[in-house]
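Input: a single structure, listed below in structure tokens.
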Amino acid sequence: MNTILLIFFGAGLGGVLRYWISNGVYLLLGRQFPYGTLIVNISGCFFMGLLFVLTLERFDSFGSQLRALLLIGLLGGYTTFSSFSIETINLFETGNWLSAIMNIFFSTTLCLVAAWLGVIGGRNL
């Protein structure tokens with residue numbers, strides 16, 4: 001039951017962070033391209049890589065609780081690939097093919113690079 005509560009708390013916090021960050025980005029850059037979702041996905045992937053390594057390799061004694069709170073809960077509530085999917089479909093359906101293709105390319109490429117950098121960062125701490 002303790003693990004469920006950690007996931008519940010983390011997911012709620014992650015969802016709120018996602019809302020604040022993506023809306024802040026949209027206020028700065030506008031909604032003509034899904035910048036907010038892109039920023040959330042990139043940062044979420046970076047922190048997934050970083051925290052994955054840290055909880056497995058550095059904090060193993062209470063790693064399962066940290067993984068439940070941070071990886072499953074916080075980052076599960078924070079990352080937004082479901083939003084990425086529907087926003088990309090909407091771009092295609094409205095005829096914004098170039099933006100849709102750019103969104104697919106940048107989201108997949110930059111998120112993989114961010115996760116890799118997080119893993120490297122975690123291993124070097």
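All residue names refer to the structure tokens as shown: chains lettered A, B, ... in order, residues numbered from 1 in each chain, ligands numbered from 1 in order.
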For segment 110-112 of chain A, find every residue with an atom within 8 Å (counting only C-alpha atoms), except residues of its own chain fewer than 6 positions away, and show them as a PDB file with N, CA and C atoms, in the first residue's frame.
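The result, stored in out22.pdb:
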ATOM      1  N   ASN A  41       8.288  16.731 -22.745  1.00  0.00           N
ATOM      2  CA  ASN A  41       8.788  15.412 -23.128  1.00  0.00           C
ATOM      3  C   ASN A  41      10.309  15.339 -23.065  1.00  0.00           C
ATOM      4  N   ILE A  42      10.989  16.364 -23.546  1.00  0.00           N
ATOM      5  CA  ILE A  42      12.452  16.366 -23.515  1.00  0.00           C
ATOM      6  C   ILE A  42      12.955  16.366 -22.074  1.00  0.00           C
ATOM      7  N   SER A  43      12.433  17.255 -21.261  1.00  0.00           N
ATOM      8  CA  SER A  43      12.890  17.315 -19.869  1.00  0.00           C
ATOM      9  C   SER A  43      12.501  16.046 -19.114  1.00  0.00           C
ATOM     10  N   CYS A  45      12.207  13.025 -20.349  1.00  0.00           N
ATOM     11  CA  CYS A  45      13.116  11.959 -20.776  1.00  0.00           C
ATOM     12  C   CYS A  45      14.494  12.121 -20.146  1.00  0.00           C
ATOM     13  N   PHE A  46      14.963  13.351 -20.060  1.00  0.00           N
ATOM     14  CA  PHE A  46      16.255  13.592 -19.406  1.00  0.00           C
ATOM     15  C   PHE A  46      16.210  13.126 -17.950  1.00  0.00           C
TER      16      PHE A  46
END
Subject >> Shell around Gly12 of chain A at 12 Å using only C-alpha atoms, local window under 4 positions removed, as a ChimeraX atom specification >> reply: /A:5-8,16-19,69-70,72-78
Original post:
Counting only C-alpha atoms, what is within 10 Å of Gln32 of chain A, bar same-chain residues fewer than 6 positions away, as JSON, numbers by chain?
Top reply: {"A": [26, 91, 99]}
Subject >> Contacts of segment 22-25 of chain A within 7 Å, only C-alpha atoms, excl. fewer than 4 positions in-chain, as a list in words >> reply: Arg18, Leu29, Tyr35, Gly36, Thr37 and Val40 of chain A
Go ahead and save the residues from that selection, with N, CA and C atoms, as an mmCIF file, in the first residue's frame.
data_model
loop_
_atom_site.group_PDB
_atom_site.id
_atom_site.type_symbol
_atom_site.label_atom_id
_atom_site.label_comp_id
_atom_site.auth_asym_id
_atom_site.auth_seq_id
_atom_site.Cartn_x
_atom_site.Cartn_y
_atom_site.Cartn_z
ATOM 1 N N ARG A 18 3.543 19.321 -15.134
ATOM 2 C CA ARG A 18 3.309 19.306 -16.589
ATOM 3 C C ARG A 18 2.419 20.477 -16.994
ATOM 4 N N LEU A 29 5.809 31.188 -26.072
ATOM 5 C CA LEU A 29 6.071 30.887 -27.482
ATOM 6 C C LEU A 29 4.820 30.757 -28.349
ATOM 7 N N TYR A 35 5.049 23.426 -28.564
ATOM 8 C CA TYR A 35 6.296 23.643 -27.832
ATOM 9 C C TYR A 35 6.217 23.165 -26.385
ATOM 10 N N GLY A 36 5.095 23.412 -25.733
ATOM 11 C CA GLY A 36 4.951 23.022 -24.332
ATOM 12 C C GLY A 36 5.108 21.527 -24.146
ATOM 13 N N THR A 37 4.436 20.764 -24.991
ATOM 14 C CA THR A 37 4.539 19.308 -24.921
ATOM 15 C C THR A 37 5.952 18.851 -25.249
ATOM 16 N N VAL A 40 8.214 19.504 -22.233
ATOM 17 C CA VAL A 40 7.908 18.560 -21.163
ATOM 18 C C VAL A 40 8.459 17.174 -21.504
#
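Distance-wise, atom CA of Leu66 of chain A and atom CA of Ile4 of chain A end up 12.1 Å apart.
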Subject >> Members of chain A assigned alpha helix (DSSP H) by DSSP, as number ranges by chain >> reply: A: 2-29, 35-53, 63-66, 75-78, 81-93, 97-124
